[in-house]
Every structure is written in structure tokens, then in C-alpha cells.
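See below for input11.tsv, which holds TSV, C-alpha atoms.
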```tsv
chain	number	residue	atom	x	y	z
Q	1	MET	CA	-5.39	4.97	7.60
Q	2	VAL	CA	-2.34	3.47	9.36
Q	3	VAL	CA	-4.55	2.80	12.41
Q	4	VAL	CA	-7.41	1.23	10.42
Q	5	LEU	CA	-4.90	-0.83	8.41
Q	6	GLY	CA	-3.29	-2.06	11.64
Q	7	VAL	CA	-6.69	-3.15	12.97
Q	8	HIS	CA	-7.48	-4.80	9.60
Q	9	LEU	CA	-4.20	-6.78	9.65
Q	10	TRP	CA	-4.76	-7.77	13.26
Q	11	LEU	CA	-8.34	-8.94	12.70
Q	12	ALA	CA	-7.39	-10.75	9.47
Q	13	ASN	CA	-4.76	-12.81	11.27
Q	14	PHE	CA	-5.43	-13.06	14.98
Q	15	GLY	CA	-8.43	-11.15	16.27
Q	16	GLN	CA	-12.13	-11.75	16.36
Q	17	ALA	CA	-14.83	-9.17	15.80
Q	18	SER	CA	-18.49	-9.09	14.92
Q	19	ALA	CA	-19.48	-9.12	11.24
Q	20	SER	CA	-20.89	-5.60	11.52
Q	21	LEU	CA	-17.62	-4.21	12.94
Q	22	ARG	CA	-15.63	-5.99	10.20
Q	23	ALA	CA	-18.01	-4.62	7.58
Q	24	ILE	CA	-17.72	-1.03	8.88
Q	25	LEU	CA	-13.91	-1.24	9.10
Q	26	GLY	CA	-13.74	-2.87	5.67
Q	27	VAL	CA	-15.81	-0.14	3.97
Q	28	ILE	CA	-13.83	2.63	5.73
Q	29	LEU	CA	-10.48	1.06	4.79
Q	30	LEU	CA	-11.64	0.40	1.23
Q	31	GLY	CA	-12.58	4.05	0.73
Q	32	LEU	CA	-9.47	5.43	2.46
Q	33	ALA	CA	-7.05	3.11	0.67
Q	34	LEU	CA	-8.52	3.73	-2.78
Q	35	PHE	CA	-8.69	7.50	-2.34
Q	36	HIS	CA	-5.19	7.73	-0.84
Q	37	GLY	CA	-3.65	5.41	-3.42
Q	38	LEU	CA	-5.28	6.85	-6.53
Q	39	ASN	CA	-4.70	10.43	-5.34
Q	40	GLY	CA	-1.04	9.43	-4.93
Q	41	VAL	CA	-0.97	8.12	-8.50
Q	42	ARG	CA	-2.48	11.44	-9.62
Q	43	THR	CA	0.27	13.32	-7.78
Q	44	VAL	CA	2.95	11.22	-9.49
Q	45	ILE	CA	1.32	11.89	-12.90
Q	46	LEU	CA	1.22	15.66	-12.17
Q	47	ASP	CA	4.98	15.56	-11.53
Q	48	PHE	CA	5.46	14.80	-15.23
Q	49	ASN	CA	3.95	18.16	-16.33
Q	50	VAL	CA	1.15	16.61	-18.37
Q	51	GLY	CA	-0.74	19.89	-18.94
Q	52	ILE	CA	-4.33	20.83	-18.11
Q	53	GLN	CA	-5.87	18.30	-20.52
Q	54	GLY	CA	-3.62	15.54	-19.18
Q	55	ARG	CA	-4.55	16.44	-15.59
Q	56	LYS	CA	-8.26	16.27	-16.37
Q	57	PHE	CA	-7.87	13.02	-18.29
Q	58	ALA	CA	-5.88	11.43	-15.45
Q	59	ALA	CA	-8.41	12.64	-12.87
Q	60	VAL	CA	-11.37	11.17	-14.81
Q	61	ILE	CA	-9.63	7.82	-15.47
Q	62	LEU	CA	-8.52	7.49	-11.84
Q	63	LEU	CA	-11.99	8.47	-10.60
Q	64	LEU	CA	-13.59	5.78	-12.78
Q	65	LEU	CA	-10.98	3.21	-11.65
Q	66	GLY	CA	-11.61	4.16	-8.02
Q	67	ALA	CA	-15.40	3.97	-8.37
Q	68	ALA	CA	-15.19	0.57	-10.10
Q	69	SER	CA	-12.76	-0.78	-7.48
Q	70	PHE	CA	-14.98	0.54	-4.68
Q	71	LEU	CA	-18.00	-1.25	-6.14
Q	72	PHE	CA	-15.96	-4.46	-6.54
Q	73	GLY	CA	-14.84	-4.08	-2.92
Q	74	LEU	CA	-18.41	-3.58	-1.72
Q	75	HIS	CA	-19.35	-6.71	-3.66
Q	76	GLY	CA	-16.60	-8.62	-1.81
Q	77	LEU	CA	-17.71	-7.21	1.54
Q	78	TRP	CA	-21.42	-7.79	0.82
Q	79	PRO	CA	-21.75	-11.03	2.86
Q	80	LEU	CA	-20.36	-9.17	5.88
Q	81	ILE	CA	-22.55	-6.13	5.25
Q	82	ILE	CA	-25.83	-8.04	4.98
Q	83	GLY	CA	-24.79	-10.46	7.72
Q	84	GLY	CA	-23.82	-7.62	10.10
K	1	MET	CA	10.51	14.48	-21.94
K	2	THR	CA	13.56	12.32	-22.83
K	3	ARG	CA	15.80	15.36	-22.42
K	4	ARG	CA	14.30	16.11	-19.00
K	5	ILE	CA	14.78	12.49	-17.87
K	6	ALA	CA	18.41	12.55	-19.09
K	7	GLN	CA	18.89	15.82	-17.19
K	8	ILE	CA	17.48	14.38	-13.95
K	9	LEU	CA	19.40	11.08	-14.17
K	10	GLY	CA	22.63	12.46	-15.68
K	11	ARG	CA	25.79	13.63	-13.94
K	12	GLY	CA	24.76	16.31	-11.48
K	13	GLY	CA	21.06	15.35	-11.83
K	14	GLU	CA	18.98	15.17	-8.65
K	15	LEU	CA	17.96	11.52	-9.26
K	16	ASN	CA	21.47	10.32	-10.15
K	17	PRO	CA	22.22	7.75	-7.40
K	18	ARG	CA	25.65	9.36	-6.82
K	19	ASN	CA	23.98	12.64	-5.82
K	20	MET	CA	21.08	11.16	-3.88
K	21	ARG	CA	21.02	11.47	-0.11
K	22	LEU	CA	18.69	9.93	2.48
K	23	GLY	CA	15.81	12.37	1.93
K	24	ILE	CA	15.62	11.88	-1.82
K	25	TRP	CA	15.95	8.08	-1.43
K	26	ALA	CA	13.03	8.15	1.05
K	27	TRP	CA	11.01	10.28	-1.40
K	28	LEU	CA	11.76	7.96	-4.34
K	29	ILE	CA	11.07	4.73	-2.43
K	30	GLN	CA	7.86	6.28	-1.03
K	31	ARG	CA	6.66	6.93	-4.58
K	32	ILE	CA	7.62	3.48	-5.92
K	33	SER	CA	6.20	1.66	-2.87
K	34	GLY	CA	3.00	3.72	-3.16
K	35	LEU	CA	2.52	2.70	-6.79
K	36	ALA	CA	3.21	-0.95	-5.89
K	37	LEU	CA	0.64	-0.75	-3.08
K	38	VAL	CA	-2.02	0.71	-5.39
K	39	VAL	CA	-1.56	-2.30	-7.69
K	40	PHE	CA	-1.72	-4.62	-4.65
K	41	VAL	CA	-4.84	-2.96	-3.16
K	42	ILE	CA	-6.76	-3.13	-6.45
K	43	ALA	CA	-5.65	-6.76	-7.04
K	44	HIS	CA	-6.59	-7.61	-3.41
K	45	VAL	CA	-10.04	-6.03	-3.83
K	46	LEU	CA	-10.61	-7.81	-7.16
K	47	ALA	CA	-9.45	-11.16	-5.71
K	48	ILE	CA	-11.82	-10.83	-2.73
K	49	SER	CA	-14.69	-9.92	-5.03
K	50	GLN	CA	-14.05	-12.99	-7.21
K	51	ALA	CA	-14.24	-15.41	-4.27
K	52	ASN	CA	-16.89	-17.52	-5.96
K	53	LEU	CA	-14.97	-18.15	-9.19
K	54	ALA	CA	-14.07	-21.80	-9.66
K	55	LEU	CA	-10.37	-21.28	-10.35
K	56	THR	CA	-7.75	-24.02	-10.45
K	57	GLY	CA	-3.95	-24.34	-10.71
K	58	PRO	CA	-1.57	-21.36	-10.60
K	59	LEU	CA	-4.44	-18.90	-11.13
K	60	PHE	CA	-6.12	-20.21	-7.95
K	61	THR	CA	-2.81	-19.95	-6.04
K	62	MET	CA	-2.32	-16.36	-7.21
K	63	PHE	CA	-5.88	-15.32	-6.37
K	64	ASP	CA	-5.82	-17.12	-3.02
K	65	GLY	CA	-2.56	-15.38	-2.11
K	66	LEU	CA	-4.01	-11.99	-3.01
K	67	ARG	CA	-7.23	-12.76	-1.15
K	68	ASN	CA	-5.55	-13.84	2.07
K	69	PRO	CA	-2.10	-12.24	2.40
K	70	PHE	CA	-0.12	-13.78	5.30
K	71	TRP	CA	-1.95	-17.09	4.85
K	72	ALA	CA	0.58	-18.17	2.27
K	73	VAL	CA	-0.18	-21.32	0.31
K	74	ASN	CA	3.38	-21.83	-0.97
K	75	ARG	CA	6.89	-20.39	-0.72
K	76	THR	CA	6.52	-18.01	-3.67
K	77	VAL	CA	3.37	-16.49	-2.20
K	78	LEU	CA	5.12	-16.32	1.20
K	79	VAL	CA	7.96	-14.26	-0.31
K	80	ILE	CA	5.43	-11.93	-1.97
K	81	ASP	CA	3.49	-11.60	1.31
K	82	LEU	CA	6.65	-10.68	3.23
K	83	LEU	CA	7.60	-8.20	0.50
K	84	ILE	CA	4.14	-6.59	0.74
K	85	LEU	CA	4.47	-6.42	4.54
K	86	GLY	CA	7.85	-4.66	4.19
K	87	ILE	CA	6.48	-2.23	1.60
K	88	ILE	CA	3.45	-1.43	3.79
K	89	ALA	CA	5.70	-0.89	6.85
K	90	PHE	CA	8.07	1.44	4.97
K	91	HIS	CA	5.32	3.40	3.22
K	92	GLY	CA	3.29	3.81	6.44
K	93	MET	CA	6.22	4.82	8.65
K	94	ASN	CA	7.69	7.23	6.09
K	95	GLY	CA	4.18	8.66	5.60
K	96	ILE	CA	4.02	9.34	9.35
K	97	ARG	CA	7.44	11.07	9.09
K	98	ILE	CA	6.03	13.33	6.35
K	99	VAL	CA	2.99	14.18	8.52
K	100	LEU	CA	5.32	14.92	11.49
K	101	PHE	CA	7.45	17.08	9.17
K	102	ASP	CA	4.31	19.02	8.16
K	103	VAL	CA	3.53	19.82	11.80
K	104	GLY	CA	7.12	20.86	12.51
K	105	VAL	CA	8.59	17.69	14.06
K	106	GLY	CA	11.97	16.61	12.66
K	107	VAL	CA	12.41	19.57	10.36
K	108	GLY	CA	16.17	20.10	10.79
K	109	LEU	CA	18.66	18.27	8.58
K	110	ARG	CA	19.89	16.07	11.42
K	111	SER	CA	16.56	15.60	13.22
K	112	GLN	CA	14.96	14.61	9.91
K	113	LYS	CA	17.34	11.64	9.72
K	114	VAL	CA	16.83	10.77	13.39
K	115	VAL	CA	13.03	10.76	13.02
K	116	PHE	CA	13.36	8.67	9.83
K	117	TYR	CA	15.53	6.03	11.50
K	118	ILE	CA	13.33	5.90	14.63
K	119	LEU	CA	10.17	5.37	12.56
K	120	ILE	CA	11.83	2.78	10.31
K	121	ALA	CA	12.97	0.95	13.48
K	122	ILE	CA	9.36	0.99	14.74
K	123	GLY	CA	8.25	-0.38	11.35
K	124	VAL	CA	10.86	-3.17	11.51
K	125	VAL	CA	9.77	-4.12	15.06
K	126	ALA	CA	6.07	-4.06	14.09
K	127	SER	CA	6.77	-6.22	11.01
K	128	GLY	CA	8.85	-8.56	13.20
K	129	LEU	CA	5.91	-8.93	15.60
K	130	VAL	CA	3.55	-9.72	12.71
K	131	ILE	CA	6.02	-12.31	11.36
K	132	PHE	CA	6.74	-13.77	14.82
K	133	TYR	CA	3.12	-14.14	15.86
K	134	GLY	CA	1.91	-14.82	12.32
K	135	LEU	CA	4.52	-17.45	11.40
K	136	PRO	CA	2.37	-20.42	12.39
K	137	LEU	CA	-0.21	-19.03	9.97
K	138	LEU	CA	2.29	-18.19	7.24
K	139	GLY	CA	2.99	-21.83	6.56
K	140	GLY	CA	-0.59	-22.29	5.44
K	141	THR	CA	-3.02	-24.61	7.15
```
Let me see whether you can do it: turn the structure in this file into C-alpha cells.
Amino acid sequence: MVVVLGVHLWLANFGQASASLRAILGVILLGLALFHGLNGVRTVILDFNVGIQGRKFAAVILLLLGAASFLFGLHGLWPLIIGG
Amino acid sequence: MTRRIAQILGRGGELNPRNMRLGIWAWLIQRISGLALVVFVIAHVLAISQANLALTGPLFTMFDGLRNPFWAVNRTVLVIDLLILGIIAFHGMNGIRIVLFDVGVGVGLRSQKVVFYILIAIGVVASGLVIFYGLPLLGGT
């Protein structure tokens, strides 16, 4: 993810790349960042000994948040995806 | 829960700043920076997805800053952008240290600190390069 994020920062500020490459990198980074981040939030929640029910509840809420954010992200990347 | 928190933060507790050493500081900052980055990533994604909204005033400034970090539109957004850059650099470099630790690099007490400082130095240099080469853009055009 560090590598893809580095490329993303570079392209966002200085570099040039085709729309298809930007779209592919964007979707990969979107998925990686959301999974990594929300799984990290889940780990922090588990540190508070929330019990089995709490674990399941947190997992479902974070999964829904991740899915919704991913769809929003795809919506934002859509011009690149269809243009690429 | 309150008792547990008091135990952790109290005298002799592992998260009492007087007892905390480099490793536990790195762990704590990694957690806090990770949570901050989750908020940023989701806000960034939402801002990009709302590109067609006809926003005005401070709301536009906020959304524009989230949509295009490092293309700051004013000083406040610039400060936030630089803060995000620092948080990303720390979280990424400390994450690499944890991966190296998992594969057996920098496991000793002393080498753990050496690896930490080397990676943080790399993060500072990388952030410096982004700021140096990005500065003309940071002013907003």
C-alpha cells in the first residue's frame, strides 16, 4: 500500500499517466486503504474487550461502512474508469 | 471499563506518560494516526464523489481541500495538508518497521530503536521532497 500510495501522491501532484492506469491504481488504492484502515479500527475496538456480540456488531458496521465508501469511491473514479 | 482505564493511565500504568518508552509511544501514535487517516480517507473519498455538488463558501473550501490535498486553497487548508502528510509519513514508515520486525529485522532492544530512527529519517526526507517539489503547487493556482 505504501508503494501504491507513493505512486498516487506522485501522479496527483507531478506525474502524468493514462486514464486507464489512474483508474486501475485508484481502484486498487481505494480497496487497500479502506480494508487496511477499517481492519485497523476493528483491531482497536477489539483491544477494548467488547465481547463476541460487540466483535460481530463492529465487524458488520465496519463492513457496511467499507462497502458504502468503496461504492462512493467508485462513483468518484467513474469518469476515469469509463474514459480509460 | 473506567477502572481499567484508570489502571492503565495511573501511576505505574503502561500508558502513563512517565512510564512510556519509545516503543509504546510508537504504538500509541500509530494507533491515533491510523484512526485519523481512516477519517481522512473516508472524507477524501466522499469529497471526490461529491465533485458535482454546487457548494459555496467555507463548505466549498473544506471539500476542495479534501478533494485535492497539497493543492491548498488557503493557509488553514495548507496546515491541514502538511499535517496529513506528516501523519501519512509516520504511519507508513512505522508500519514498515512493524513488518520488518515481523520478519526478524530490528528485533533487539537497541536495533529496534535504530530501525525506528532510520525509517523516520527516511519519512522526513520523503516528506521534505514532497514539500520542496510541491511547494509551488501548495500555494494554490
Quick one: contact table of chain K to chain Q, 6 Å max, nearest atom pair and distance in Å to one decimal per residue, counting all atoms listed in the file, chain and number order, as a tab-separated table?
```
residue	atom	partner	partner_atom	distance
K:Val38	CA	Q:Gly37	CA	5.4
K:Val45	CA	Q:Gly73	CA	5.3
K:Ile48	CA	Q:Gly76	CA	5.3
K:Ser49	CA	Q:Gly76	CA	4.0
```
Keeping C-alpha atoms for every residue in the selection just given, could you write it to a file as a PDB file, in the coordinates of the input?
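Written output follows (part-v8.pdb):
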```
ATOM      1  CA  VAL K  38      -2.020   0.710  -5.390  1.00  0.00           C
ATOM      2  CA  VAL K  45     -10.040  -6.030  -3.830  1.00  0.00           C
ATOM      3  CA  ILE K  48     -11.820 -10.830  -2.730  1.00  0.00           C
ATOM      4  CA  SER K  49     -14.690  -9.920  -5.030  1.00  0.00           C
TER       5      SER K  49
END
```
One decimal, in Å: what's the spacing between CA of Leu35 (chain K) and CA of Ala47 (chain K)?
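Separation of CA of Leu35 (chain K) and CA of Ala47 (chain K): 18.3 Å.
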Contact residues around Leu11 (chain Q) with all atoms listed in the file at 12 Å, ignoring same-chain residues under 5 positions, as an MDAnalysis selection string
(chainID Q and resid 4:6 16:19 21:23 25:26) or (chainID K and resid 130 134)
Resulting file, chosen residues, C-alpha atoms, as a compact mmCIF listing (two decimals), keeping the file's coordinate frame:
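selection.txt was written with the following content:
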```
# COMPACT_ATOMS: atom_id res chain seq x y z
CA VAL Q 4 -7.41 1.23 10.42
CA LEU Q 5 -4.90 -0.83 8.41
CA GLY Q 6 -3.29 -2.06 11.64
CA GLN Q 16 -12.13 -11.75 16.36
CA ALA Q 17 -14.83 -9.17 15.80
CA SER Q 18 -18.49 -9.09 14.92
CA ALA Q 19 -19.48 -9.12 11.24
CA LEU Q 21 -17.62 -4.21 12.94
CA ARG Q 22 -15.63 -5.99 10.20
CA ALA Q 23 -18.01 -4.62 7.58
CA LEU Q 25 -13.91 -1.24 9.10
CA GLY Q 26 -13.74 -2.87 5.67
CA VAL K 130 3.55 -9.72 12.71
CA GLY K 134 1.91 -14.82 12.32
```
For CA of Gly34 (chain K) and CA of Val79 (chain K), quote the distance in Å rounded to one decimal.
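About the pair CA of Gly34 (chain K) and CA of Val79 (chain K): they are 18.9 Å apart.
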Could you work out an axis-aligned bounding box for all listed atoms of region 127-131 of chain K, with 8 Å added on each of the six sides, and give its centre and edge lengths in Å to one decimal, as lines of an AutoDock Vina configuration file?
```
center_x = 6.2
center_y = -9.3
center_z = 13.3
size_x = 21.3
size_y = 22.1
size_z = 20.6
```
Looking at K:Val77, K:Met62, K:Ser127, K:Ile8, which one is nearest to Met20 (chain K), with distances taken over all atoms listed in the file?
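Of all the options, K:Ile8 lies closest to Met20 (chain K).
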What is the distance, in Å and to one decimal place, between CA of Arg18 (chain K) and CA of Leu109 (chain K)?
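CA of Leu109 (chain K) lies at a distance of 19.1 Å from CA of Arg18 (chain K).
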Which one of K:Phe60, K:Tyr117, K:Phe132, K:Trp25 sits closest to Leu82 (chain K) if you count only C-alpha atoms?
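Closest to Leu82 (chain K), using only C-alpha atoms: K:Phe132.
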Using all atoms listed in the file and a cutoff of 12 Å, can you tell me which residues are near (7.6, -12.1, -4.5) in the file's coordinates, and write them out as a PyMOL selection string?
chain K and resi 40+62+65-66+69+72+74-87
For Gln112 (chain K), which residue out of K:Val125, K:Pro58, K:Tyr133, K:Leu22 is the nearest one, using only C-alpha atoms?
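Counting only C-alpha atoms, the residue closest to Gln112 (chain K) is K:Leu22.
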Of the residues K:Leu15, K:Ala126, K:Val107, K:Val39, which is the one nearest to Trp27 (chain K), using all atoms listed in the file?
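Looking at the shortest contact to Trp27 (chain K), the residue is K:Leu15.
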Hey, which of K:Gly106, K:Val114, K:Arg31, K:Phe63 ends up closest to Asn39 (chain Q)? Count all atoms listed in the file.
K:Arg31
Which residue is closest to Ile82 (chain Q)? Choose from Q:Val7, Q:Ile61, Q:Ile52, Q:Ile24 and count all atoms listed in the file.
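Residue with the minimum atom-to-atom distance to Ile82 (chain Q): Q:Ile24.
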